[in-house]
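**Q** Let me give you the structure first, and then I'll get to my questions.
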Amino acid sequence: MESTAARKPRRSGAKRTSAGNAKKKAAGQTDLVQLLTPEGERVEHPEYSIDLTPDELRGLYRDMVLTRRFDAEATTLQRQGELGLWASLLGQEAAQIGSGRALNDSDYVFPTYREHGVAWCRGVDPTNLLGMFRGVNHGGWDPNSNNFHLYTIVIGSQTLHATGYAMGIAKDGADSAVIAYFGDGASSQGDVAESFTFSAVYNAPVVFFCQNNQWAISEPTERQTRVPLYQRAQGFGFPGVRVDGNDVLACLAVTRAALERARTGQGPMLIEAFTYRMGAHTTSDDPTRYRSAEERELWETKDPILRLHTYLTKQGLADEEFFAGLERESDALAKRVRDAVRAMPDPDDLAMFEHTYADGHALVDEERAQFAAYQASFVTAEEGI
Amino acid sequence: MAAEKMSLSKAINASLRTALENDPKVLIMGEDVGKLGGVFRVTDGLQKDFGEDRVIDTPLAESGIVGTAIGLALRGYRPVVEIQFDGFVFPAYDQIVTQLAKMHARSLGKVKMPVVIRIPYGGGIGAVEHHSESPEALFAHVAGLKVISPSNASDAYWMLQQAIGSDDPVIYFEPKRRYHDKSEVDTSAIPAPLHAARVARPGTDLTLAAYGPMVKVCLDAAAAAAEEGKSVEVVDLRSMSPIDFDTLQGSVERTGRLVVVHEAPVFLGTGAEIAARITERCFYHLEAPVLRVGGFHAPYPPSRLEDEYLPGLDRVLDAVDRALAY
Ligand SMILES: Cc1ncc(C[n+]2csc(CCOP(=O)(O)OP(=O)(O)O)c2C)c(N)n1
Ligand SMILES: [Mg+2]
């Protein structure tokens, strides 16, 4: 952003931004929080720091590798017809694992439909995520067992739920926080703007975690905003920060700080994780229609897993045995997921009537009985032949 | 131009193209409608040929899309907006119901609202949640909106032409599972009136009334019934607001029996309105109560159950048999 602004000195707005940035920089701030460069070099940031043990570093690496492997397996299962659809997180592992590992057990997560890495961090069994993509349920896990809400497909809706949940935490005087995930495209939805308003007004303990993966299906971020997304927060009265979304250390450090702010009554914060959707929007999408191969190649050099691999290797924090062991673990995970999906039964026909209401409903009961009778008549007719 | 065989989605594309060519005030707006050509490729090639000023990739905000379309219409444009899937129209529901539908009446006719809202709707494509719904009754219930749905390529072409030409807001429901079905389109023909129903197959024993994706199911059911010696008439309603009750009445007076079929839940659906009106109009001609076949009072199920949920050949024939048994 800075360099673009600097190249257009005649635009007064751009000039101001550029000057502002220069001043901030003098005070030791940059636009993008980064702690691990794409080349795998550890760098320091004046505001956000992190000190992890070798075990923790290897743990983050393992999380990212297993998540990517799970994701690749799901894509394969879709190609093989076992799933109807898959929304891949490829490229966004650092954003999801970094933020996911910042959470405490009592924190609550409101995901979109792509947060497979966050689900992993919450201990949601990955095979549970596949039910809705196979078409056997609409979610199927208990949100309260891992404090991980169901995937939300209607863009942006969950940011308000997250805000309300956070308002509840504040009312209860509890010291947990909420994290709401959403995309660059979602940032245009009214619901998201309203969640910013509510969270600010009620000082709700919620962290808005926007994965700016540069694309909303075929539309680039420029179709959604003229300012960097993290700057939106300022107008609502809470801080926003842009973090290198492919840097798992930075994502962890910034999210930890934001959650801590929230837990200590300092209100909401917006994190824009600057990343890239390496794959298609979903398995139904063909990105060659709207974006260049060069763009993807550029982002390949910023791969989140590669840079941590380089760092671990260079620092002698992980050896061949570790990587080989992880490879075996990945294979085992993939096999477990594959077997589980293939064994996933179709729901019973009458299941579609279940849980429509908590207290029951006469019409549902009537229609269920009619449908059951209709199906039974069918079976007897067949048996009669 | 002579008649040409084309798919339903191609017919919509051709219709949009004609509208863009004929009237510089026509605009296409929506998510991914430009470069991508829409997730179903319905607007394929239009941005390339008519430019980004007329075929507009909008921010991801349905309320914004419809709200700004209203403003553009106030300024003399004729926006044709796309909602990507049925389940995503609801952020725009407020703008549609409280503003779009009422503007003409509130301004005592001074302000016209020539806005078309295209919505791919209905199930049968194995999709995830929110991608298979049939919310037409939620719009037909609102005075000020016109609600239509073509069942074939020719109607898709012509009804969209007429909708764009209309000074009223029109919700144009596209039967997404029929997008690839091909049929003859004569782009130089004189089309039927927009809201007229059509007898799609004549018959004498019973009338099946349907629209959009269910017309094919009903035609198949009528063919199957014919093999059992039952003569079933199929009426393609084409319009859910207004409904052409005269054509339907004529049919029911001939057959004495009516079964209404739609994917949408039966409870308070268009079939309920039709049953009430036809009972009033044809009470002495009816040999059986008007029956309905449709969705259940439950959320649209996961896709592995949608074949059970959706009215298929068997459920339609079951209703035919029940009506004939009276
Ligand atoms: C209200 C609503 N409108 C449209 C859609 C269709 N849709 C699904 S994903 C998507 C793009 C989302 O982009 P973004 O928020 O950047 O998230 P990403 O998919 O990149 O993770 C769209 C338009 C939807 N799911 N919900
Ligand atoms: Mg995105």
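In the structure tokens, each chain is lettered A, B, ... as it comes, each chain's residues begin at 1, and ligands are numbered from 1 in order of appearance.
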If you run DSSP over the backbone, which residues in region 128-324 of chain B end up strand (DSSP E or B)? Put them as a PDB file with C-alpha atoms, in the first residue's frame.

**A**
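Written out: states-v6.pdb:
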```pdb
ATOM      1  CA  LYS B 146     -44.736  -9.542  -9.931  1.00  0.00           C
ATOM      2  CA  VAL B 147     -43.387 -13.057  -9.648  1.00  0.00           C
ATOM      3  CA  ILE B 148     -42.739 -15.329 -12.602  1.00  0.00           C
ATOM      4  CA  VAL B 170     -40.454  -8.428 -11.383  1.00  0.00           C
ATOM      5  CA  ILE B 171     -38.941 -11.334  -9.480  1.00  0.00           C
ATOM      6  CA  TYR B 172     -37.785 -13.755 -12.145  1.00  0.00           C
ATOM      7  CA  PHE B 173     -37.178 -17.211 -10.694  1.00  0.00           C
ATOM      8  CA  GLU B 174     -34.880 -19.357 -12.807  1.00  0.00           C
ATOM      9  CA  PRO B 175     -35.267 -23.143 -12.441  1.00  0.00           C
ATOM     10  CA  LYS B 182     -32.696 -27.462 -24.439  1.00  0.00           C
ATOM     11  CA  SER B 183     -35.693 -26.429 -26.462  1.00  0.00           C
ATOM     12  CA  GLU B 184     -36.667 -24.305 -29.425  1.00  0.00           C
ATOM     13  CA  VAL B 185     -36.527 -20.505 -29.056  1.00  0.00           C
ATOM     14  CA  ASP B 186     -37.967 -18.279 -31.768  1.00  0.00           C
ATOM     15  CA  ARG B 198     -50.309 -22.236 -20.885  1.00  0.00           C
ATOM     16  CA  VAL B 199     -51.805 -25.660 -21.366  1.00  0.00           C
ATOM     17  CA  ALA B 200     -48.595 -27.624 -21.828  1.00  0.00           C
ATOM     18  CA  ARG B 201     -50.368 -30.929 -22.448  1.00  0.00           C
ATOM     19  CA  LEU B 206     -57.332 -34.298 -14.189  1.00  0.00           C
ATOM     20  CA  THR B 207     -55.325 -31.074 -14.275  1.00  0.00           C
ATOM     21  CA  LEU B 208     -51.781 -30.807 -12.969  1.00  0.00           C
ATOM     22  CA  ALA B 209     -50.767 -27.197 -12.363  1.00  0.00           C
ATOM     23  CA  ALA B 210     -47.098 -26.317 -11.949  1.00  0.00           C
ATOM     24  CA  VAL B 232     -53.899 -35.768 -17.490  1.00  0.00           C
ATOM     25  CA  GLU B 233     -53.753 -32.124 -18.530  1.00  0.00           C
ATOM     26  CA  VAL B 234     -50.717 -30.070 -17.542  1.00  0.00           C
ATOM     27  CA  VAL B 235     -50.984 -26.320 -17.046  1.00  0.00           C
ATOM     28  CA  ASP B 236     -47.751 -24.354 -16.899  1.00  0.00           C
ATOM     29  CA  SER B 239     -46.635 -16.572 -13.282  1.00  0.00           C
ATOM     30  CA  MET B 240     -47.191 -16.829  -9.545  1.00  0.00           C
ATOM     31  CA  SER B 241     -48.241 -13.207  -9.215  1.00  0.00           C
ATOM     32  CA  LEU B 258     -56.773 -30.374  -9.818  1.00  0.00           C
ATOM     33  CA  VAL B 259     -53.407 -31.199  -8.292  1.00  0.00           C
ATOM     34  CA  VAL B 260     -50.978 -28.331  -7.738  1.00  0.00           C
ATOM     35  CA  VAL B 261     -47.280 -29.171  -7.676  1.00  0.00           C
ATOM     36  CA  HIS B 262     -44.369 -27.038  -6.482  1.00  0.00           C
ATOM     37  CA  GLU B 263     -41.034 -27.592  -4.778  1.00  0.00           C
ATOM     38  CA  ALA B 264     -41.764 -24.973  -2.151  1.00  0.00           C
ATOM     39  CA  PRO B 265     -43.327 -26.080   1.121  1.00  0.00           C
ATOM     40  CA  LEU B 291     -54.638 -31.634  -3.766  1.00  0.00           C
ATOM     41  CA  ARG B 292     -51.148 -30.265  -3.366  1.00  0.00           C
ATOM     42  CA  VAL B 293     -47.754 -31.879  -3.756  1.00  0.00           C
ATOM     43  CA  GLY B 294     -44.737 -29.972  -2.515  1.00  0.00           C
ATOM     44  CA  GLY B 295     -42.074 -29.529   0.096  1.00  0.00           C
TER      45      GLY B 295
END
```

**Q** Taking only C-alpha atoms into account and nothing else, which residues of chain B lie no more than 6 Å away from chain A? Please answer as a compact mmCIF listing (two decimals) with all heavy atoms, in the first residue's frame.

**A**
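Once everything was written out, this is selection-v3.txt:
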```
# COMPACT_ATOMS: atom_id res chain seq x y z
N ASP B 32 -20.23 -11.56 -9.20
CA ASP B 32 -19.56 -12.47 -10.15
C ASP B 32 -20.24 -12.54 -11.52
O ASP B 32 -20.01 -13.47 -12.27
CB ASP B 32 -19.46 -13.89 -9.56
CG ASP B 32 -18.78 -13.90 -8.19
OD1 ASP B 32 -17.58 -13.64 -8.12
OD2 ASP B 32 -19.48 -14.13 -7.18
N PRO B 59 -20.10 -5.19 -5.16
CA PRO B 59 -19.64 -5.71 -3.87
C PRO B 59 -20.57 -6.81 -3.37
O PRO B 59 -21.72 -6.91 -3.81
CB PRO B 59 -19.70 -4.48 -2.95
CG PRO B 59 -19.55 -3.32 -3.87
CD PRO B 59 -20.27 -3.72 -5.13
N LEU B 60 -20.06 -7.60 -2.45
CA LEU B 60 -20.82 -8.75 -1.94
C LEU B 60 -21.83 -8.29 -0.90
O LEU B 60 -21.60 -8.37 0.31
CB LEU B 60 -19.84 -9.77 -1.33
CG LEU B 60 -20.26 -11.25 -1.28
CD1 LEU B 60 -19.15 -12.09 -0.68
CD2 LEU B 60 -21.56 -11.50 -0.63
N ALA B 61 -22.95 -7.77 -1.38
CA ALA B 61 -23.95 -7.23 -0.46
C ALA B 61 -25.29 -7.14 -1.18
O ALA B 61 -25.49 -6.24 -2.00
CB ALA B 61 -23.52 -5.85 0.04
N HIS B 297 -42.93 -29.03 5.80
CA HIS B 297 -42.71 -27.95 6.77
C HIS B 297 -41.46 -28.29 7.58
O HIS B 297 -41.52 -28.57 8.78
CB HIS B 297 -43.94 -27.81 7.66
CG HIS B 297 -43.93 -26.56 8.48
ND1 HIS B 297 -43.98 -25.31 7.94
CD2 HIS B 297 -43.87 -26.37 9.83
CE1 HIS B 297 -43.94 -24.41 8.90
NE2 HIS B 297 -43.87 -25.02 10.06
N ALA B 298 -40.34 -28.26 6.89
CA ALA B 298 -39.03 -28.58 7.49
C ALA B 298 -37.99 -27.87 6.64
O ALA B 298 -38.25 -27.58 5.46
CB ALA B 298 -38.81 -30.09 7.47
N PRO B 301 -33.71 -30.24 3.11
CA PRO B 301 -32.82 -31.22 3.74
C PRO B 301 -31.43 -31.25 3.10
O PRO B 301 -31.24 -30.70 2.02
CB PRO B 301 -33.53 -32.54 3.47
CG PRO B 301 -34.22 -32.32 2.17
CD PRO B 301 -34.64 -30.86 2.17
N PRO B 302 -30.48 -31.92 3.77
CA PRO B 302 -29.19 -32.16 3.14
C PRO B 302 -29.39 -32.88 1.81
O PRO B 302 -30.37 -33.61 1.64
CB PRO B 302 -28.46 -33.06 4.14
CG PRO B 302 -29.23 -33.01 5.40
CD PRO B 302 -30.59 -32.51 5.10
N SER B 303 -28.45 -32.66 0.87
CA SER B 303 -28.71 -33.07 -0.51
C SER B 303 -28.96 -34.57 -0.67
O SER B 303 -29.67 -34.97 -1.58
CB SER B 303 -27.57 -32.62 -1.41
OG SER B 303 -26.37 -33.22 -0.99
N ARG B 304 -28.41 -35.38 0.24
CA ARG B 304 -28.63 -36.83 0.09
C ARG B 304 -30.09 -37.21 0.32
O ARG B 304 -30.49 -38.33 0.06
CB ARG B 304 -27.74 -37.58 1.06
CG ARG B 304 -26.27 -37.41 0.76
CD ARG B 304 -25.68 -38.64 0.14
NE ARG B 304 -24.35 -38.36 -0.37
CZ ARG B 304 -23.50 -39.27 -0.81
NH1 ARG B 304 -23.85 -40.53 -0.80
NH2 ARG B 304 -22.32 -38.94 -1.25
```

**Q** At a cut-off of 7 Å, using only C-alpha atoms, what residues contact Gln92 (chain A)? Leave out same-chain residues fewer than 4 positions from it and give the result as a ChimeraX atom specification.

**A** /A:96,246,275-277

**Q** So which residues touch region 64-68 of chain B within 8 Å, counting only C-alpha atoms, skipping near sequence neighbours fewer than 2 positions away, as a list in words?

**A** Met29, Gly30, Thr58, Pro59, Ala61, Glu62, Ile70, Gly71, Leu72, Val81, Ala92, Gln95 and Ile96 of chain B

**Q** Please produce a file of the residues just selected, as a PDB file, in the first residue's frame, where the atoms kept are N, CA, C and O atoms.

**A**
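Dumped everything to selection31.pdb:
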```
ATOM      1  N   MET B  29     -26.465  -6.249 -12.949  1.00  0.00           N
ATOM      2  CA  MET B  29     -25.712  -6.086 -11.703  1.00  0.00           C
ATOM      3  C   MET B  29     -25.756  -7.369 -10.882  1.00  0.00           C
ATOM      4  O   MET B  29     -26.776  -8.041 -10.843  1.00  0.00           O
ATOM      5  N   GLY B  30     -24.657  -7.648 -10.208  1.00  0.00           N
ATOM      6  CA  GLY B  30     -24.672  -8.800  -9.314  1.00  0.00           C
ATOM      7  C   GLY B  30     -23.270  -9.248  -8.955  1.00  0.00           C
ATOM      8  O   GLY B  30     -22.276  -8.673  -9.415  1.00  0.00           O
ATOM      9  N   THR B  58     -20.720  -6.347  -8.566  1.00  0.00           N
ATOM     10  CA  THR B  58     -20.988  -5.515  -7.390  1.00  0.00           C
ATOM     11  C   THR B  58     -20.223  -6.031  -6.172  1.00  0.00           C
ATOM     12  O   THR B  58     -19.796  -7.176  -6.151  1.00  0.00           O
ATOM     13  N   PRO B  59     -20.095  -5.189  -5.160  1.00  0.00           N
ATOM     14  CA  PRO B  59     -19.637  -5.705  -3.870  1.00  0.00           C
ATOM     15  C   PRO B  59     -20.567  -6.814  -3.370  1.00  0.00           C
ATOM     16  O   PRO B  59     -21.719  -6.906  -3.812  1.00  0.00           O
ATOM     17  N   ALA B  61     -22.951  -7.772  -1.381  1.00  0.00           N
ATOM     18  CA  ALA B  61     -23.948  -7.230  -0.459  1.00  0.00           C
ATOM     19  C   ALA B  61     -25.285  -7.140  -1.183  1.00  0.00           C
ATOM     20  O   ALA B  61     -25.491  -6.238  -2.002  1.00  0.00           O
ATOM     21  N   GLU B  62     -26.187  -8.058  -0.884  1.00  0.00           N
ATOM     22  CA  GLU B  62     -27.443  -8.118  -1.629  1.00  0.00           C
ATOM     23  C   GLU B  62     -28.343  -6.933  -1.348  1.00  0.00           C
ATOM     24  O   GLU B  62     -29.029  -6.429  -2.244  1.00  0.00           O
ATOM     25  N   ILE B  70     -32.630   0.240  -7.037  1.00  0.00           N
ATOM     26  CA  ILE B  70     -33.790   1.127  -6.869  1.00  0.00           C
ATOM     27  C   ILE B  70     -33.384   2.565  -7.207  1.00  0.00           C
ATOM     28  O   ILE B  70     -34.067   3.277  -7.945  1.00  0.00           O
ATOM     29  N   GLY B  71     -32.240   2.977  -6.692  1.00  0.00           N
ATOM     30  CA  GLY B  71     -31.755   4.333  -6.982  1.00  0.00           C
ATOM     31  C   GLY B  71     -31.489   4.535  -8.466  1.00  0.00           C
ATOM     32  O   GLY B  71     -31.836   5.579  -9.036  1.00  0.00           O
ATOM     33  N   LEU B  72     -30.891   3.539  -9.093  1.00  0.00           N
ATOM     34  CA  LEU B  72     -30.637   3.626 -10.529  1.00  0.00           C
ATOM     35  C   LEU B  72     -31.945   3.697 -11.312  1.00  0.00           C
ATOM     36  O   LEU B  72     -32.056   4.441 -12.289  1.00  0.00           O
ATOM     37  N   VAL B  81     -30.928  -7.305 -11.886  1.00  0.00           N
ATOM     38  CA  VAL B  81     -29.949  -7.742 -10.903  1.00  0.00           C
ATOM     39  C   VAL B  81     -30.009  -9.249 -10.729  1.00  0.00           C
ATOM     40  O   VAL B  81     -31.058  -9.869 -10.884  1.00  0.00           O
ATOM     41  N   ALA B  92     -31.486  -8.830   1.001  1.00  0.00           N
ATOM     42  CA  ALA B  92     -32.140  -7.809   0.177  1.00  0.00           C
ATOM     43  C   ALA B  92     -33.648  -7.756   0.404  1.00  0.00           C
ATOM     44  O   ALA B  92     -34.329  -6.915  -0.174  1.00  0.00           O
ATOM     45  N   GLN B  95     -35.169  -4.351   1.368  1.00  0.00           N
ATOM     46  CA  GLN B  95     -35.244  -3.396   0.252  1.00  0.00           C
ATOM     47  C   GLN B  95     -36.365  -3.777  -0.717  1.00  0.00           C
ATOM     48  O   GLN B  95     -37.075  -2.917  -1.235  1.00  0.00           O
ATOM     49  N   ILE B  96     -36.517  -5.074  -0.954  1.00  0.00           N
ATOM     50  CA  ILE B  96     -37.527  -5.522  -1.917  1.00  0.00           C
ATOM     51  C   ILE B  96     -38.935  -5.278  -1.377  1.00  0.00           C
ATOM     52  O   ILE B  96     -39.807  -4.764  -2.069  1.00  0.00           O
TER      53      ILE B  96
END
```

**Q** Mind checking DSSP for region 81-310 of chain A and telling me the alpha helix (DSSP H) residues as a ChimeraX atom specification?

**A** /A:93-100,116-122,126-129,131-134,143-146,157-172,190-201,232-236,248-263,293-300,304-310

**Q** Take CA of Tyr309 (chain B) and CA of Gly269 (chain B) and report the distance between them in Å, one decimal.

**A** 15.5 Å

**Q** Env of Ser99 (chain A): 12 Å cut, atoms = only C-alpha atoms, seq-sep filter 4 positions within chain, self excluded. Answer as a tab-separated table (two decimals) with N, CA, C and O atoms, in the first residue's frame.

**A**
```tsv
chain	number	residue	atom	x	y	z
A	60	LEU	N	3.02	-26.02	15.76
A	60	LEU	CA	2.35	-25.19	14.76
A	60	LEU	C	2.59	-25.75	13.36
A	60	LEU	O	1.70	-25.77	12.51
A	63	ASP	N	0.41	-28.79	12.91
A	63	ASP	CA	-0.98	-28.39	12.68
A	63	ASP	C	-1.20	-27.99	11.22
A	63	ASP	O	-2.19	-28.38	10.59
A	64	MET	N	-0.28	-27.19	10.70
A	64	MET	CA	-0.46	-26.70	9.33
A	64	MET	C	-0.35	-27.83	8.32
A	64	MET	O	-1.11	-27.90	7.36
A	92	GLN	N	-4.16	-20.79	3.36
A	92	GLN	CA	-4.60	-20.02	4.51
A	92	GLN	C	-4.31	-20.74	5.84
A	92	GLN	O	-4.90	-20.41	6.88
A	93	GLU	N	-3.41	-21.70	5.79
A	93	GLU	CA	-3.14	-22.51	6.98
A	93	GLU	C	-2.58	-21.67	8.13
A	93	GLU	O	-2.95	-21.86	9.29
A	94	ALA	N	-1.68	-20.74	7.81
A	94	ALA	CA	-1.06	-19.96	8.89
A	94	ALA	C	-2.08	-19.05	9.57
A	94	ALA	O	-2.10	-18.92	10.80
A	95	ALA	N	-2.92	-18.44	8.76
A	95	ALA	CA	-3.94	-17.55	9.33
A	95	ALA	C	-4.84	-18.33	10.28
A	95	ALA	O	-5.18	-17.86	11.38
A	103	LEU	N	-6.39	-19.26	20.91
A	103	LEU	CA	-7.63	-19.31	21.69
A	103	LEU	C	-7.48	-20.13	22.98
A	103	LEU	O	-6.74	-21.11	23.01
A	104	ASN	N	-8.21	-19.73	23.99
A	104	ASN	CA	-8.37	-20.54	25.19
A	104	ASN	C	-9.55	-21.48	25.01
A	104	ASN	O	-10.42	-21.22	24.17
A	107	ASP	N	-12.91	-19.75	25.06
A	107	ASP	CA	-13.24	-18.81	23.99
A	107	ASP	C	-14.18	-19.48	22.99
A	107	ASP	O	-14.26	-20.71	22.95
A	109	VAL	N	-15.74	-19.72	18.93
A	109	VAL	CA	-15.39	-19.45	17.53
A	109	VAL	C	-16.64	-19.42	16.66
A	109	VAL	O	-17.47	-20.32	16.74
A	111	PRO	N	-17.13	-19.54	12.76
A	111	PRO	CA	-16.42	-19.70	11.49
A	111	PRO	C	-17.28	-19.38	10.27
A	111	PRO	O	-18.51	-19.26	10.39
A	115	GLU	N	-13.08	-22.66	7.57
A	115	GLU	CA	-12.18	-22.64	8.73
A	115	GLU	C	-11.79	-24.04	9.21
A	115	GLU	O	-11.85	-24.36	10.41
A	117	GLY	N	-8.91	-25.34	9.44
A	117	GLY	CA	-7.73	-25.28	10.31
A	117	GLY	C	-8.09	-24.85	11.72
A	117	GLY	O	-7.53	-25.35	12.70
A	118	VAL	N	-9.03	-23.94	11.81
A	118	VAL	CA	-9.47	-23.50	13.15
A	118	VAL	C	-10.22	-24.64	13.83
A	118	VAL	O	-10.03	-24.91	15.02
A	119	ALA	N	-11.03	-25.34	13.06
A	119	ALA	CA	-11.75	-26.50	13.60
A	119	ALA	C	-10.75	-27.51	14.16
A	119	ALA	O	-10.95	-28.08	15.24
A	120	TRP	N	-9.69	-27.70	13.44
A	120	TRP	CA	-8.63	-28.62	13.88
A	120	TRP	C	-8.07	-28.19	15.23
A	120	TRP	O	-7.93	-29.00	16.15
A	121	CYS	N	-7.82	-26.90	15.36
A	121	CYS	CA	-7.28	-26.38	16.63
A	121	CYS	C	-8.28	-26.56	17.77
A	121	CYS	O	-7.88	-26.72	18.93
A	122	ARG	N	-9.56	-26.51	17.46
A	122	ARG	CA	-10.58	-26.65	18.50
A	122	ARG	C	-10.82	-28.10	18.87
A	122	ARG	O	-11.63	-28.39	19.75
A	178	VAL	N	-14.49	-13.98	22.09
A	178	VAL	CA	-15.09	-14.60	20.90
A	178	VAL	C	-14.26	-14.19	19.70
A	178	VAL	O	-13.73	-13.08	19.66
A	179	ILE	N	-14.14	-15.10	18.75
A	179	ILE	CA	-13.49	-14.73	17.51
A	179	ILE	C	-14.44	-15.02	16.36
A	179	ILE	O	-15.07	-16.08	16.31
A	180	ALA	N	-14.60	-14.03	15.49
A	180	ALA	CA	-15.49	-14.16	14.33
A	180	ALA	C	-14.65	-14.16	13.07
A	180	ALA	O	-13.90	-13.21	12.82
A	181	TYR	N	-14.77	-15.20	12.29
A	181	TYR	CA	-14.04	-15.27	11.02
A	181	TYR	C	-14.93	-14.77	9.90
A	181	TYR	O	-16.14	-14.99	9.91
A	207	VAL	N	-13.14	-10.56	18.70
A	207	VAL	CA	-12.06	-10.30	17.74
A	207	VAL	C	-12.58	-10.64	16.36
A	207	VAL	O	-13.07	-11.75	16.13
A	208	PHE	N	-12.54	-9.67	15.47
A	208	PHE	CA	-12.95	-9.92	14.08
A	208	PHE	C	-11.72	-10.32	13.29
A	208	PHE	O	-10.78	-9.54	13.16
A	209	PHE	N	-11.75	-11.54	12.79
A	209	PHE	CA	-10.59	-12.05	12.08
A	209	PHE	C	-10.94	-12.21	10.61
A	209	PHE	O	-11.62	-13.15	10.20
A	210	CYS	N	-10.50	-11.23	9.82
A	210	CYS	CA	-10.82	-11.21	8.40
A	210	CYS	C	-9.67	-11.84	7.61
A	210	CYS	O	-8.57	-11.31	7.61
A	211	GLN	N	-9.94	-12.95	6.98
A	211	GLN	CA	-8.92	-13.52	6.08
A	211	GLN	C	-9.10	-12.89	4.71
A	211	GLN	O	-10.00	-13.26	3.96
A	243	VAL	N	-2.01	-8.20	9.45
A	243	VAL	CA	-0.95	-9.13	9.77
A	243	VAL	C	-0.66	-9.97	8.52
A	243	VAL	O	-1.55	-10.20	7.70
A	244	ASP	N	0.59	-10.38	8.40
A	244	ASP	CA	0.95	-11.30	7.32
A	244	ASP	C	0.22	-12.62	7.58
A	244	ASP	O	0.59	-13.37	8.48
A	245	GLY	N	-0.78	-12.87	6.80
A	245	GLY	CA	-1.63	-14.04	7.03
A	245	GLY	C	-0.95	-15.35	6.67
A	245	GLY	O	-1.51	-16.42	6.95
A	246	ASN	N	0.22	-15.28	6.07
A	246	ASN	CA	0.96	-16.51	5.78
A	246	ASN	C	2.09	-16.74	6.78
A	246	ASN	O	2.93	-17.61	6.58
A	247	ASP	N	2.08	-15.92	7.82
A	247	ASP	CA	3.09	-16.02	8.87
A	247	ASP	C	2.39	-16.49	10.14
A	247	ASP	O	1.68	-15.73	10.81
A	248	VAL	N	2.57	-17.75	10.45
A	248	VAL	CA	1.82	-18.34	11.56
A	248	VAL	C	2.21	-17.69	12.90
A	248	VAL	O	1.37	-17.55	13.79
A	249	LEU	N	3.46	-17.25	13.01
A	249	LEU	CA	3.90	-16.64	14.27
A	249	LEU	C	3.22	-15.29	14.47
A	249	LEU	O	2.74	-14.97	15.56
A	250	ALA	N	3.18	-14.51	13.41
A	250	ALA	CA	2.54	-13.20	13.51
A	250	ALA	C	1.04	-13.35	13.78
A	250	ALA	O	0.47	-12.61	14.59
A	251	CYS	N	0.41	-14.30	13.09
A	251	CYS	CA	-1.02	-14.49	13.30
A	251	CYS	C	-1.30	-14.90	14.75
A	251	CYS	O	-2.26	-14.42	15.37
A	252	LEU	N	-0.45	-15.75	15.28
A	252	LEU	CA	-0.60	-16.18	16.67
A	252	LEU	C	-0.39	-15.00	17.62
A	252	LEU	O	-1.22	-14.75	18.52
A	253	ALA	N	0.67	-14.25	17.41
A	253	ALA	CA	0.99	-13.14	18.32
A	253	ALA	C	-0.10	-12.07	18.31
A	253	ALA	O	-0.55	-11.62	19.38
A	254	VAL	N	-0.54	-11.70	17.13
A	254	VAL	CA	-1.53	-10.62	17.03
A	254	VAL	C	-2.88	-11.08	17.58
A	254	VAL	O	-3.56	-10.33	18.30
A	255	THR	N	-3.26	-12.32	17.26
A	255	THR	CA	-4.55	-12.79	17.76
A	255	THR	C	-4.53	-12.93	19.28
A	255	THR	O	-5.50	-12.60	19.96
A	256	ARG	N	-3.39	-13.42	19.81
A	256	ARG	CA	-3.27	-13.51	21.27
A	256	ARG	C	-3.48	-12.14	21.92
A	256	ARG	O	-4.24	-12.01	22.89
A	257	ALA	N	-2.83	-11.16	21.34
A	257	ALA	CA	-2.94	-9.81	21.91
A	257	ALA	C	-4.37	-9.29	21.82
A	257	ALA	O	-4.90	-8.69	22.77
A	258	ALA	N	-5.00	-9.54	20.68
A	258	ALA	CA	-6.37	-9.05	20.48
A	258	ALA	C	-7.33	-9.73	21.45
A	258	ALA	O	-8.21	-9.10	22.04
A	259	LEU	N	-7.16	-11.05	21.62
A	259	LEU	CA	-8.02	-11.78	22.55
A	259	LEU	C	-7.80	-11.30	23.98
A	259	LEU	O	-8.76	-11.17	24.76
A	271	ILE	N	-8.65	-7.84	12.98
A	271	ILE	CA	-7.39	-8.33	12.41
A	271	ILE	C	-7.64	-8.67	10.95
A	271	ILE	O	-8.55	-9.44	10.64
A	272	GLU	N	-6.86	-8.07	10.09
A	272	GLU	CA	-6.92	-8.44	8.68
A	272	GLU	C	-5.71	-9.32	8.38
A	272	GLU	O	-4.57	-8.85	8.41
A	273	ALA	N	-5.96	-10.57	8.14
A	273	ALA	CA	-4.87	-11.49	7.80
A	273	ALA	C	-4.70	-11.49	6.28
A	273	ALA	O	-5.58	-11.95	5.56
```

**Q** With only C-alpha atoms as the counted atoms, please give the residues lying no more than 10 Å from region 313-318 of chain A, apart from itself and same-chain residues fewer than 2 positions off, as a VMD selection string.

**A** chain A and resid 40 to 41 53 to 55 57 to 58 307 to 311 320 to 323

**Q** To one decimal in Å, tell me the separation between CA of Gln78 (chain A) and CA of Glu327 (chain A).

**A** 22.4 Å

**Q** Which residues come within 7 Å of Arg78 (chain B), counting only C-alpha atoms, excluding same-chain residues fewer than 4 positions away, as a PyMOL selection string?

**A** chain B and resi 25-27+73+114-115

**Q** Please produce a file of those selected residues containing C-alpha atoms, as a short mmCIF file (atom, residue, chain, number, x, y, z; two decimals), in the first residue's frame.

**A**
```
data_model
loop_
_atom_site.label_atom_id
_atom_site.label_comp_id
_atom_site.auth_asym_id
_atom_site.auth_seq_id
_atom_site.Cartn_x
_atom_site.Cartn_y
_atom_site.Cartn_z
CA LYS B 25 -30.62 2.07 -19.93
CA VAL B 26 -30.55 -1.66 -19.22
CA LEU B 27 -27.87 -2.65 -16.69
CA ALA B 73 -34.24 3.00 -11.52
CA PRO B 114 -38.52 -1.24 -13.69
CA VAL B 115 -36.23 -3.55 -11.74
#
```
